[in-house]
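Asks: As input, take query.cif (mmCIF, C-alpha atoms):
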```cif
data_protein
#
loop_
_atom_site.group_PDB
_atom_site.id
_atom_site.type_symbol
_atom_site.label_atom_id
_atom_site.label_comp_id
_atom_site.auth_asym_id
_atom_site.auth_seq_id
_atom_site.Cartn_x
_atom_site.Cartn_y
_atom_site.Cartn_z
ATOM 1 C CA MET A 1 65.115 -14.785 -84.603
ATOM 2 C CA PRO A 2 63.255 -11.662 -85.838
ATOM 3 C CA ASP A 3 59.767 -11.127 -84.436
ATOM 4 C CA LEU A 4 57.944 -11.846 -87.707
ATOM 5 C CA THR A 5 60.018 -14.955 -88.411
ATOM 6 C CA PHE A 6 59.415 -16.165 -84.866
ATOM 7 C CA PHE A 7 55.658 -15.635 -85.253
ATOM 8 C CA VAL A 8 55.605 -17.491 -88.578
ATOM 9 C CA PHE A 9 57.596 -20.324 -86.988
ATOM 10 C CA LEU A 10 55.073 -20.592 -84.140
ATOM 11 C CA VAL A 11 52.108 -20.597 -86.521
ATOM 12 C CA ALA A 12 53.697 -23.226 -88.768
ATOM 13 C CA ASP A 13 54.660 -25.400 -85.817
ATOM 14 C CA GLY A 14 51.156 -25.116 -84.361
ATOM 15 C CA ALA A 15 49.530 -25.981 -87.682
ATOM 16 C CA LEU A 16 51.689 -29.092 -87.993
ATOM 17 C CA ALA A 17 50.685 -30.175 -84.479
ATOM 18 C CA GLY A 18 47.062 -29.359 -85.305
ATOM 19 C CA SER A 19 47.062 -31.841 -88.175
ATOM 20 C CA ILE A 20 47.829 -34.651 -85.723
ATOM 21 C CA TYR A 21 45.289 -33.295 -83.235
ATOM 22 C CA ALA A 22 42.759 -33.527 -86.063
ATOM 23 C CA LEU A 23 43.557 -37.196 -86.631
ATOM 24 C CA VAL A 24 43.057 -37.999 -82.933
ATOM 25 C CA ALA A 25 39.903 -35.893 -82.795
ATOM 26 C CA LEU A 26 38.444 -37.765 -85.759
ATOM 27 C CA ALA A 27 38.814 -41.017 -83.803
ATOM 28 C CA PHE A 28 36.604 -39.336 -81.196
ATOM 29 C CA VAL A 29 34.090 -37.935 -83.689
ATOM 30 C CA VAL A 30 33.528 -41.117 -85.735
ATOM 31 C CA VAL A 31 32.356 -42.924 -82.579
ATOM 32 C CA TYR A 32 30.048 -40.086 -81.627
ATOM 33 C CA LYS A 33 28.607 -39.760 -85.123
ATOM 34 C CA ALA A 34 27.778 -43.462 -85.307
ATOM 35 C CA SER A 35 26.551 -44.134 -81.779
ATOM 36 C CA ARG A 36 26.275 -40.787 -79.922
ATOM 37 C CA MET A 37 28.801 -42.258 -77.478
ATOM 38 C CA ILE A 38 31.462 -39.992 -75.944
ATOM 39 C CA ASN A 39 34.769 -41.877 -75.816
ATOM 40 C CA PHE A 40 36.912 -40.366 -73.072
ATOM 41 C CA ALA A 41 39.529 -43.099 -73.557
ATOM 42 C CA VAL A 42 40.640 -41.811 -76.969
ATOM 43 C CA GLY A 43 44.006 -40.736 -75.516
ATOM 44 C CA GLU A 44 44.616 -44.222 -74.138
ATOM 45 C CA TRP A 45 43.691 -45.795 -77.488
ATOM 46 C CA THR A 46 46.238 -43.512 -79.164
ATOM 47 C CA MET A 47 48.871 -44.372 -76.576
ATOM 48 C CA LEU A 48 48.214 -48.077 -77.097
ATOM 49 C CA GLY A 49 48.570 -47.667 -80.861
ATOM 50 C CA ALA A 50 51.958 -45.972 -80.490
ATOM 51 C CA ARG A 51 53.231 -48.452 -77.919
ATOM 52 C CA THR A 52 52.124 -51.420 -80.063
ATOM 53 C CA THR A 53 53.956 -49.981 -83.068
ATOM 54 C CA ALA A 54 57.098 -49.486 -80.958
ATOM 55 C CA ALA A 55 56.841 -53.008 -79.525
ATOM 56 C CA ALA A 56 56.444 -54.550 -82.989
ATOM 57 C CA SER A 57 59.481 -52.604 -84.191
ATOM 58 C CA HIS A 58 61.753 -53.479 -81.242
ATOM 59 C CA THR A 59 60.723 -57.070 -80.490
ATOM 60 C CA LEU A 60 60.052 -58.335 -84.017
ATOM 61 C CA GLY A 61 62.739 -56.302 -85.744
ATOM 62 C CA LEU A 62 60.271 -54.914 -88.281
ATOM 63 C CA GLY A 63 60.630 -51.744 -90.263
ATOM 64 C CA LEU A 64 58.190 -48.898 -89.837
ATOM 65 C CA GLY A 65 55.757 -50.218 -92.466
ATOM 66 C CA GLY A 66 55.692 -53.722 -91.000
ATOM 67 C CA ALA A 67 55.360 -52.411 -87.442
ATOM 68 C CA LEU A 68 52.436 -50.219 -88.481
ATOM 69 C CA GLY A 69 50.755 -53.196 -90.160
ATOM 70 C CA VAL A 70 51.124 -55.370 -87.064
ATOM 71 C CA ALA A 71 49.921 -52.566 -84.798
ATOM 72 C CA CYS A 72 46.887 -51.838 -86.995
ATOM 73 C CA ALA A 73 45.942 -55.526 -87.031
ATOM 74 C CA GLY A 74 46.331 -55.726 -83.254
ATOM 75 C CA LEU A 75 44.359 -52.555 -82.489
ATOM 76 C CA VAL A 76 41.584 -53.472 -84.936
ATOM 77 C CA ALA A 77 41.268 -56.889 -83.263
ATOM 78 C CA LEU A 78 41.176 -55.241 -79.834
ATOM 79 C CA ALA A 79 38.606 -52.674 -81.000
ATOM 80 C CA LEU A 80 36.361 -55.400 -82.447
ATOM 81 C CA PHE A 81 36.672 -57.404 -79.228
ATOM 82 C CA PHE A 82 35.819 -54.307 -77.178
ATOM 83 C CA ASN A 83 32.803 -53.557 -79.363
ATOM 84 C CA ARG A 84 31.501 -57.139 -79.312
ATOM 85 C CA VAL A 85 32.145 -58.161 -75.717
ATOM 86 C CA VAL A 86 31.957 -54.900 -73.773
ATOM 87 C CA LEU A 87 29.865 -52.387 -75.706
ATOM 88 C CA ARG A 88 27.166 -54.511 -77.314
ATOM 89 C CA PRO A 89 25.606 -55.669 -74.004
ATOM 90 C CA LEU A 90 25.533 -52.014 -72.860
ATOM 91 C CA LEU A 91 24.158 -50.561 -76.088
ATOM 92 C CA ARG A 92 20.806 -49.581 -74.535
ATOM 93 C CA ARG A 93 22.268 -48.201 -71.323
ATOM 94 C CA SER A 94 22.302 -44.518 -70.413
ATOM 95 C CA LEU A 95 24.871 -42.070 -71.757
ATOM 96 C CA LEU A 96 26.318 -41.659 -68.265
ATOM 97 C CA ALA A 97 26.929 -45.413 -67.998
ATOM 98 C CA LEU A 98 28.783 -45.411 -71.329
ATOM 99 C CA ILE A 99 30.892 -42.414 -70.282
ATOM 100 C CA MET A 100 31.860 -44.156 -67.044
ATOM 101 C CA LEU A 101 32.677 -47.263 -69.081
ATOM 102 C CA THR A 102 35.116 -45.382 -71.326
ATOM 103 C CA LEU A 103 36.773 -43.770 -68.301
ATOM 104 C CA GLY A 104 37.220 -47.175 -66.686
ATOM 105 C CA VAL A 105 38.539 -48.685 -69.923
ATOM 106 C CA GLY A 106 41.038 -45.829 -70.226
ATOM 107 C CA ILE A 107 42.360 -46.429 -66.710
ATOM 108 C CA PHE A 108 42.598 -50.164 -67.403
ATOM 109 C CA MET A 109 44.456 -49.560 -70.693
ATOM 110 C CA ARG A 110 46.948 -47.262 -68.997
ATOM 111 C CA GLY A 111 47.726 -49.780 -66.266
ATOM 112 C CA ALA A 112 47.779 -52.776 -68.610
ATOM 113 C CA ALA A 113 50.153 -51.018 -71.016
ATOM 114 C CA THR A 114 52.618 -50.451 -68.182
ATOM 115 C CA LEU A 115 52.712 -54.210 -67.553
ATOM 116 C CA VAL A 116 52.503 -55.507 -71.124
ATOM 117 C CA PHE A 117 55.127 -53.143 -72.548
ATOM 118 C CA ALA A 118 57.451 -53.154 -69.524
ATOM 119 C CA GLY A 119 61.078 -53.006 -70.640
ATOM 120 C CA ILE A 120 60.198 -52.068 -74.230
ATOM 121 C CA SER A 121 61.233 -48.610 -75.356
ATOM 122 C CA PRO A 122 58.286 -46.430 -76.403
ATOM 123 C CA ARG A 123 60.418 -44.606 -78.946
ATOM 124 C CA ILE A 124 59.847 -45.281 -82.626
ATOM 125 C CA ALA A 125 62.822 -44.801 -84.922
ATOM 126 C CA SER A 126 62.088 -42.005 -87.355
ATOM 127 C CA PRO A 127 62.907 -42.668 -91.026
ATOM 128 C CA PHE A 128 63.240 -38.947 -91.707
ATOM 129 C CA PRO A 129 66.404 -36.764 -91.585
ATOM 130 C CA LEU A 130 67.075 -34.858 -88.386
ATOM 131 C CA GLU A 131 68.118 -31.618 -90.092
ATOM 132 C CA PRO A 132 65.254 -29.108 -90.272
ATOM 133 C CA LEU A 133 63.984 -27.650 -93.507
ATOM 134 C CA LEU A 134 64.342 -23.929 -94.098
ATOM 135 C CA LEU A 135 61.159 -22.583 -95.676
ATOM 136 C CA GLY A 136 61.436 -18.865 -96.267
ATOM 137 C CA GLY A 137 64.023 -18.659 -93.523
ATOM 138 C CA VAL A 138 61.791 -20.499 -91.043
ATOM 139 C CA PRO A 139 63.200 -23.793 -89.681
ATOM 140 C CA VAL A 140 60.642 -26.599 -89.797
ATOM 141 C CA SER A 141 61.160 -30.144 -88.533
ATOM 142 C CA ILE A 142 61.017 -32.729 -91.334
ATOM 143 C CA ASP A 143 59.420 -35.175 -88.886
ATOM 144 C CA LYS A 144 56.555 -32.775 -88.262
ATOM 145 C CA VAL A 145 56.123 -31.963 -91.958
ATOM 146 C CA ALA A 146 55.987 -35.646 -92.872
ATOM 147 C CA ALA A 147 53.611 -36.384 -89.986
ATOM 148 C CA ALA A 148 51.346 -33.530 -91.059
ATOM 149 C CA ALA A 149 51.346 -34.724 -94.686
ATOM 150 C CA ILE A 150 50.406 -38.274 -93.648
ATOM 151 C CA ALA A 151 47.751 -36.943 -91.265
ATOM 152 C CA ALA A 152 46.304 -34.767 -94.049
ATOM 153 C CA ALA A 153 46.122 -37.777 -96.386
ATOM 154 C CA CYS A 154 44.348 -39.818 -93.676
ATOM 155 C CA ILE A 155 41.888 -36.986 -93.043
ATOM 156 C CA ALA A 156 41.139 -36.712 -96.774
ATOM 157 C CA ALA A 157 40.629 -40.484 -97.044
ATOM 158 C CA LEU A 158 38.314 -40.514 -94.036
ATOM 159 C CA SER A 159 36.305 -37.576 -95.389
ATOM 160 C CA TRP A 160 35.873 -39.404 -98.697
ATOM 161 C CA PHE A 161 34.885 -42.562 -96.825
ATOM 162 C CA PHE A 162 32.075 -40.770 -95.011
ATOM 163 C CA HIS A 163 30.794 -38.856 -98.019
ATOM 164 C CA GLY A 164 31.668 -41.056 -101.000
ATOM 165 C CA SER A 165 31.037 -44.651 -99.948
ATOM 166 C CA ARG A 166 27.943 -46.695 -99.153
ATOM 167 C CA THR A 167 29.337 -47.639 -95.740
ATOM 168 C CA GLY A 168 29.947 -43.977 -94.958
ATOM 169 C CA LEU A 169 26.386 -43.186 -96.018
ATOM 170 C CA ALA A 170 25.116 -45.899 -93.673
ATOM 171 C CA LEU A 171 27.169 -44.485 -90.792
ATOM 172 C CA ARG A 172 25.775 -41.014 -91.465
ATOM 173 C CA ALA A 173 22.268 -42.444 -91.487
ATOM 174 C CA MET A 174 22.954 -44.090 -88.130
ATOM 175 C CA ALA A 175 24.197 -40.791 -86.766
ATOM 176 C CA SER A 176 20.982 -39.119 -87.862
ATOM 177 C CA ASP A 177 18.551 -41.706 -86.448
ATOM 178 C CA GLN A 178 19.448 -45.257 -85.474
ATOM 179 C CA GLN A 179 15.841 -46.455 -85.466
ATOM 180 C CA VAL A 180 15.240 -45.215 -89.011
ATOM 181 C CA ALA A 181 18.562 -46.711 -90.135
ATOM 182 C CA LEU A 182 17.552 -50.052 -88.658
ATOM 183 C CA ALA A 183 14.151 -49.832 -90.352
ATOM 184 C CA VAL A 184 15.729 -49.430 -93.818
ATOM 185 C CA GLY A 185 17.931 -52.504 -93.349
ATOM 186 C CA ILE A 186 21.212 -51.117 -92.024
ATOM 187 C CA ASP A 187 22.956 -53.643 -89.777
ATOM 188 C CA LEU A 188 23.791 -51.528 -86.721
ATOM 189 C CA HIS A 189 26.108 -54.054 -85.073
ATOM 190 C CA ARG A 190 28.129 -54.522 -88.258
ATOM 191 C CA HIS A 191 28.560 -50.793 -88.727
ATOM 192 C CA PHE A 192 29.433 -50.253 -85.066
ATOM 193 C CA ALA A 193 32.194 -52.822 -85.608
ATOM 194 C CA ILE A 194 33.422 -50.890 -88.665
ATOM 195 C CA THR A 195 33.405 -47.693 -86.599
ATOM 196 C CA TRP A 196 35.589 -49.191 -83.886
ATOM 197 C CA ALA A 197 37.902 -50.763 -86.461
ATOM 198 C CA LEU A 198 38.426 -47.225 -87.793
ATOM 199 C CA VAL A 199 39.218 -46.098 -84.246
ATOM 200 C CA GLY A 200 41.892 -48.807 -84.036
ATOM 201 C CA VAL A 201 43.569 -47.737 -87.291
ATOM 202 C CA LEU A 202 43.354 -44.019 -86.492
ATOM 203 C CA SER A 203 44.810 -44.650 -83.028
ATOM 204 C CA VAL A 204 47.866 -46.396 -84.470
ATOM 205 C CA LEU A 205 48.495 -43.724 -87.085
ATOM 206 C CA ALA A 206 47.897 -40.783 -84.756
ATOM 207 C CA GLY A 207 49.987 -42.265 -81.939
ATOM 208 C CA THR A 208 52.900 -43.068 -84.246
ATOM 209 C CA LEU A 209 52.822 -39.653 -85.923
ATOM 210 C CA TRP A 210 52.710 -37.908 -82.550
ATOM 211 C CA SER A 211 55.743 -39.930 -81.457
ATOM 212 C CA PHE A 212 57.616 -38.594 -84.487
ATOM 213 C CA ALA A 213 56.447 -35.015 -83.949
ATOM 214 C CA SER A 214 57.076 -34.920 -80.188
ATOM 215 C CA GLY A 215 60.326 -36.884 -80.235
ATOM 216 C CA GLY A 216 59.168 -39.695 -77.971
ATOM 217 C CA GLY A 217 56.349 -41.928 -76.822
ATOM 218 C CA PHE A 218 55.740 -40.426 -73.384
ATOM 219 C CA GLY A 219 52.490 -38.739 -72.374
ATOM 220 C CA ILE A 220 50.595 -39.683 -75.526
ATOM 221 C CA GLU A 221 47.501 -40.537 -73.471
ATOM 222 C CA LEU A 222 47.321 -36.829 -72.560
ATOM 223 C CA LEU A 223 46.312 -36.152 -76.171
ATOM 224 C CA GLY A 224 42.799 -37.049 -75.057
ATOM 225 C CA PHE A 225 42.713 -33.901 -72.918
ATOM 226 C CA LYS A 226 43.817 -31.801 -75.891
ATOM 227 C CA VAL A 227 41.208 -33.375 -78.161
ATOM 228 C CA PHE A 228 38.226 -32.701 -75.897
ATOM 229 C CA PRO A 229 38.114 -28.893 -76.393
ATOM 230 C CA ILE A 230 38.740 -29.417 -80.104
ATOM 231 C CA VAL A 231 35.696 -31.614 -80.695
ATOM 232 C CA ILE A 232 33.469 -29.366 -78.589
ATOM 233 C CA LEU A 233 34.680 -26.229 -80.363
ATOM 234 C CA GLY A 234 34.272 -27.742 -83.816
ATOM 235 C CA GLY A 235 30.985 -29.473 -83.057
ATOM 236 C CA LEU A 236 30.664 -33.078 -81.955
ATOM 237 C CA ASP A 237 28.874 -34.085 -85.160
ATOM 238 C CA SER A 238 30.971 -32.067 -87.622
ATOM 239 C CA LEU A 239 34.022 -33.562 -89.318
ATOM 240 C CA PRO A 240 35.016 -30.316 -91.101
ATOM 241 C CA GLY A 241 34.462 -28.356 -87.889
ATOM 242 C CA THR A 242 36.682 -30.735 -85.954
ATOM 243 C CA ILE A 243 39.498 -30.372 -88.494
ATOM 244 C CA ILE A 244 39.301 -26.559 -88.473
ATOM 245 C CA ALA A 245 39.181 -26.476 -84.657
ATOM 246 C CA ALA A 246 42.200 -28.811 -84.449
ATOM 247 C CA PHE A 247 44.331 -26.460 -86.533
ATOM 248 C CA ALA A 248 43.060 -23.446 -84.597
ATOM 249 C CA VAL A 249 43.876 -25.031 -81.226
ATOM 250 C CA GLY A 250 47.310 -26.177 -82.440
ATOM 251 C CA ILE A 251 48.195 -22.652 -83.589
ATOM 252 C CA LEU A 252 46.741 -21.100 -80.418
ATOM 253 C CA GLU A 253 48.801 -23.368 -78.161
ATOM 254 C CA SER A 254 51.977 -22.691 -80.123
ATOM 255 C CA VAL A 255 51.561 -18.903 -80.154
ATOM 256 C CA VAL A 256 50.639 -18.777 -76.453
ATOM 257 C CA ALA A 257 53.623 -21.002 -75.611
ATOM 258 C CA GLY A 258 55.922 -18.668 -77.534
ATOM 259 C CA TYR A 259 54.640 -15.309 -76.268
ATOM 260 C CA VAL A 260 52.625 -15.797 -73.057
ATOM 261 C CA ASP A 261 54.297 -18.720 -71.285
ATOM 262 C CA PRO A 262 57.624 -16.866 -70.829
ATOM 263 C CA ILE A 263 55.703 -14.087 -69.054
ATOM 264 C CA VAL A 264 53.172 -15.920 -66.867
ATOM 265 C CA GLY A 265 55.053 -19.195 -66.513
ATOM 266 C CA GLY A 266 55.155 -22.453 -68.418
ATOM 267 C CA GLY A 267 52.000 -24.454 -68.887
ATOM 268 C CA PHE A 268 49.495 -21.688 -69.615
ATOM 269 C CA SER A 269 49.402 -22.777 -73.258
ATOM 270 C CA HIS A 270 47.845 -26.077 -72.136
ATOM 271 C CA VAL A 271 44.811 -24.343 -70.625
ATOM 272 C CA ALA A 272 44.385 -21.614 -73.259
ATOM 273 C CA SER A 273 42.188 -23.832 -75.417
ATOM 274 C CA TYR A 274 39.913 -24.517 -72.434
ATOM 275 C CA LEU A 275 39.479 -20.796 -71.843
ATOM 276 C CA VAL A 276 38.461 -20.394 -75.494
ATOM 277 C CA LEU A 277 36.139 -23.378 -75.082
ATOM 278 C CA ILE A 278 34.396 -21.823 -72.076
ATOM 279 C CA ALA A 279 33.947 -18.523 -73.918
ATOM 280 C CA THR A 280 32.560 -20.329 -76.966
ATOM 281 C CA LEU A 281 30.077 -22.355 -74.935
ATOM 282 C CA PHE A 282 28.467 -19.140 -73.707
ATOM 283 C CA VAL A 283 27.756 -18.140 -77.309
ATOM 284 C CA ARG A 284 27.311 -21.455 -79.159
ATOM 285 C CA PRO A 285 26.892 -24.418 -76.782
ATOM 286 C CA TRP A 286 26.751 -26.822 -79.727
ATOM 287 C CA GLY A 287 30.123 -25.679 -81.107
ATOM 288 C CA LEU A 288 31.150 -23.416 -83.950
ATOM 289 C CA PHE A 289 30.130 -25.846 -86.694
ATOM 290 C CA GLY A 290 27.789 -28.187 -84.823
ATOM 291 C CA ARG A 291 24.037 -28.290 -85.228
ATOM 292 C CA PRO A 292 21.736 -27.497 -82.305
ATOM 293 C CA ASP A 293 19.203 -30.144 -81.350
ATOM 294 C CA VAL A 294 15.805 -29.157 -82.660
ATOM 295 C CA GLN A 295 12.807 -30.315 -80.666
ATOM 296 C CA ARG A 296 9.338 -30.176 -82.161
ATOM 297 C CA VAL A 297 6.544 -29.112 -79.844
#
```
Represent the supplied structure as structure tokens.

Replies:
Amino acid sequence: MPDLTFFVFLVADGALAGSIYALVALAFVVVYKASRMINFAVGEWTMLGARTTAAASHTLGLGLGGALGVACAGLVALALFFNRVVLRPLLRRSLLALIMLTLGVGIFMRGAATLVFAGISPRIASPFPLEPLLLGGVPVSIDKVAAAAIAAACIAALSWFFHGSRTGLALRAMASDQQVALAVGIDLHRHFAITWALVGVLSVLAGTLWSFASGGGFGIELLGFKVFPIVILGGLDSLPGTIIAAFAVGILESVVAGYVDPIVGGGFSHVASYLVLIATLFVRPWGLFGRPDVQRV
């Protein structure tokens, strides 16, 4: 493959992966924007969404649409239960306590999934052709193109939801100041429930799309480690910043994997985004598109 074609292939492949990273990262950001809570279990939520879709497909004999519907219903119910039973009593606790809670929940999810889905294949049958598309002489997987298109539609719908609906306006008000939002009549508990229901739906979609793009359902929980530098780079409170950072990290990983990994050894592409993150934090600790906290004195 000529050098230019190879470079274009790497960039295209990274951009397609970045679209799914963006979907996972948004599941992280919507929680932070509504409650200032950092959810370190976002990878486990995504894994659970993919495994639930696979289980619904294999055990119930459903098609992809039906399996997605069952998985979304299941993850939304679980997210609402988690919000009502686990999070609500801890709402006033310190940020450190909430972080430790999400870490513990992630470990529990990982272990529980091993037991609940034992003997059920994590693979989800792809409805798309296996032959790659040739775009300008560059081979591109149809699975990845379809996954990226669906992810882009979900991102557009979520952006409209936050900026074009009354519920989105209420969530943005909560992100700005929960006490003021409560004073003007916004039901915080109801909107926290909506936030976690969104996490459930996004987890199913992102996990299923990643299964298509990666060719299997293994290691999906590791997406949480890929998402963390993305949301910090983009800015924890910035949806557009998160999307841009997701594409940038996807392309960076792909290019480094193609050019640097063969020289220094496999795996360097997985830490490249963290090196960029460290460099960025020296210059803009609040992220490229985030807003610094302003304190009046």

Asks: If the PyMOL selection byres ((chain A and resi 273) around 10) were run on this exact file, what residues would it hold? Put them as a list in words.

Replies: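 When the PyMOL selection byres ((chain A and resi 273) around 10) is applied, the selected residues are Lys226, Val227, Phe228, Pro229, Ile230, Leu233, Ala248, Val249, Gly250, Leu252, Glu253, Val256, Phe268, Ser269, His270, Val271, Ala272, Tyr274, Leu275, Val276, Leu277, Ile278 and Ala279 of chain A.
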
Asks: Take the point (34.6, -29.6, -94.1) in the file's coordinates, draw a sphere of radius 12 Å around it, and report as a ChimeraX atom specification every protein, DNA or RNA residue with an atom inside or on it, counting all atoms listed in the file.

Replies: /A:155-156,158-160,162-163,234-235,237-245,289-290

Asks: In Å, rounded to a single decimal, give me how far atom CA of A:Glu221 is from atom CA of A:Val42.

Replies: 7.8 Å

Asks: Atom CA of A:Phe6 to atom CA of A:Ala152: how many Å, to one decimal?

Replies: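 The value is 24.5 Å.
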
Asks: Counting only C-alpha atoms, find residues at most 12 Å from (52.9, -15.5, -76.3) (file frame) and give them as a short mmCIF file (atom, residue, chain, number, x, y, z; two decimals) with C-alpha atoms, in the frame of the given file.

Replies:
```cif
data_model
loop_
_atom_site.label_atom_id
_atom_site.label_comp_id
_atom_site.auth_asym_id
_atom_site.auth_seq_id
_atom_site.Cartn_x
_atom_site.Cartn_y
_atom_site.Cartn_z
CA ASP A 3 59.77 -11.13 -84.44
CA PHE A 6 59.42 -16.16 -84.87
CA PHE A 7 55.66 -15.64 -85.25
CA LEU A 10 55.07 -20.59 -84.14
CA VAL A 11 52.11 -20.60 -86.52
CA ILE A 251 48.20 -22.65 -83.59
CA LEU A 252 46.74 -21.10 -80.42
CA GLU A 253 48.80 -23.37 -78.16
CA SER A 254 51.98 -22.69 -80.12
CA VAL A 255 51.56 -18.90 -80.15
CA VAL A 256 50.64 -18.78 -76.45
CA ALA A 257 53.62 -21.00 -75.61
CA GLY A 258 55.92 -18.67 -77.53
CA TYR A 259 54.64 -15.31 -76.27
CA VAL A 260 52.62 -15.80 -73.06
CA ASP A 261 54.30 -18.72 -71.28
CA PRO A 262 57.62 -16.87 -70.83
CA ILE A 263 55.70 -14.09 -69.05
CA VAL A 264 53.17 -15.92 -66.87
CA GLY A 265 55.05 -19.20 -66.51
CA GLY A 266 55.16 -22.45 -68.42
CA GLY A 267 52.00 -24.45 -68.89
CA PHE A 268 49.50 -21.69 -69.61
CA SER A 269 49.40 -22.78 -73.26
CA ALA A 272 44.38 -21.61 -73.26
#
```

Asks: Pick out the closest residue to A:Ala148 from this set: A:Val86, A:Leu202, A:Leu98, A:Ala15. Count only C-alpha atoms.

Replies: A:Ala15

Asks: As a check of understanding, name the residues that the PyMOL selection byres ((chain A and resi 127) around 9) selects in the supplied structure, as a PDB file with C-alpha atoms, keeping the file's coordinate frame.

Replies:
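After the write, selection01.pdb holds the following:
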```
ATOM      1  CA  LEU A  64      58.190 -48.898 -89.837  1.00  0.00           C
ATOM      2  CA  ALA A 125      62.822 -44.801 -84.922  1.00  0.00           C
ATOM      3  CA  SER A 126      62.088 -42.005 -87.355  1.00  0.00           C
ATOM      4  CA  PHE A 128      63.240 -38.947 -91.707  1.00  0.00           C
ATOM      5  CA  PRO A 129      66.404 -36.764 -91.585  1.00  0.00           C
ATOM      6  CA  ASP A 143      59.420 -35.175 -88.886  1.00  0.00           C
TER       7      ASP A 143
END
```

Asks: Suppose a student applies the PyMOL selection byres ((chain A and resi 49) around 8) to this structure; what residues should they get, written as number ranges by chain?

Replies: A: 45-48, 50-53, 71-72, 75, 200, 203-208

Asks: Please, what distance in Å, to one decimal, runs between atom CA of A:Val180 and atom CA of A:Met37?

Replies: 18.0 Å

Asks: Considering only C-alpha atoms, tabulate each residue of stretch 21-73 of chain A that lies at most 12 Å from stretch 89-94 of chain A along with its nearest interatomic pair and the corresponding distance in Å to one decimal; arrange the rows by chain and ascending residue number and present them as a tab-separated table.

Replies:
```
residue	atom	partner	partner_atom	distance
A:Ser35	CA	A:Leu91	CA	8.9
A:Arg36	CA	A:Leu91	CA	10.7
A:Met37	CA	A:Leu91	CA	9.6
A:Ile38	CA	A:Ser94	CA	11.6
```

Asks: Dump C-alpha atoms for the selected residues as a PDB file, in the frame of the given file?

Replies:
```
ATOM      1  CA  SER A  35      26.551 -44.134 -81.779  1.00  0.00           C
ATOM      2  CA  ARG A  36      26.275 -40.787 -79.922  1.00  0.00           C
ATOM      3  CA  MET A  37      28.801 -42.258 -77.478  1.00  0.00           C
ATOM      4  CA  ILE A  38      31.462 -39.992 -75.944  1.00  0.00           C
TER       5      ILE A  38
END
```

Asks: Write out as lines of an AutoDock Vina configuration file an axis-aligned box for stretch 230-247 of chain A: all of its atoms listed in the file, 8 Å added on each side, centre and edge lengths in Å with one decimal.

Replies:
```
center_x = 36.6
center_y = -30.2
center_z = -84.8
size_x = 31.5
size_y = 23.9
size_z = 28.5
```

Asks: From the options A:Gly69, A:Gly287, A:Gly63, A:Gly43, which residue's atoms come nearest to A:Met109, counting all atoms listed in the file?

Replies: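 Going through A:Gly69, A:Gly287, A:Gly63, A:Gly43 one by one, the smallest distance to A:Met109 is for A:Gly43.
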
Asks: Give me, as a VMD selection string, all polymer residues having an atom no more than 8 Å from A:Ile20, counting all atoms listed in the file and skipping those fewer than 4 positions away in the same chain.

Replies: chain A and resid 16 24 147 to 148 151 206 209 to 210

Asks: Within 12 Å of A:Glu131, counting only C-alpha atoms, which residues qualify if same-chain residues fewer than 3 places away don't, as number ranges by chain?

Replies: A: 128, 134, 139-144

Asks: Suppose we keep C-alpha atoms; can you now write the selection as a CSV table (one decimal), in the frame of the given file?

Replies:
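Heads up, here's the output in again.csv:
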```
chain,number,residue,atom,x,y,z
A,128,PHE,CA,63.2,-38.9,-91.7
A,134,LEU,CA,64.3,-23.9,-94.1
A,139,PRO,CA,63.2,-23.8,-89.7
A,140,VAL,CA,60.6,-26.6,-89.8
A,141,SER,CA,61.2,-30.1,-88.5
A,142,ILE,CA,61.0,-32.7,-91.3
A,143,ASP,CA,59.4,-35.2,-88.9
A,144,LYS,CA,56.6,-32.8,-88.3
```

Asks: Using only C-alpha atoms, find the one residue out of A:Lys33, A:Arg123, A:Arg284, A:Arg84 that sits nearest to A:Ile232.

Replies: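 Smallest distance to A:Ile232 is found for A:Arg284.
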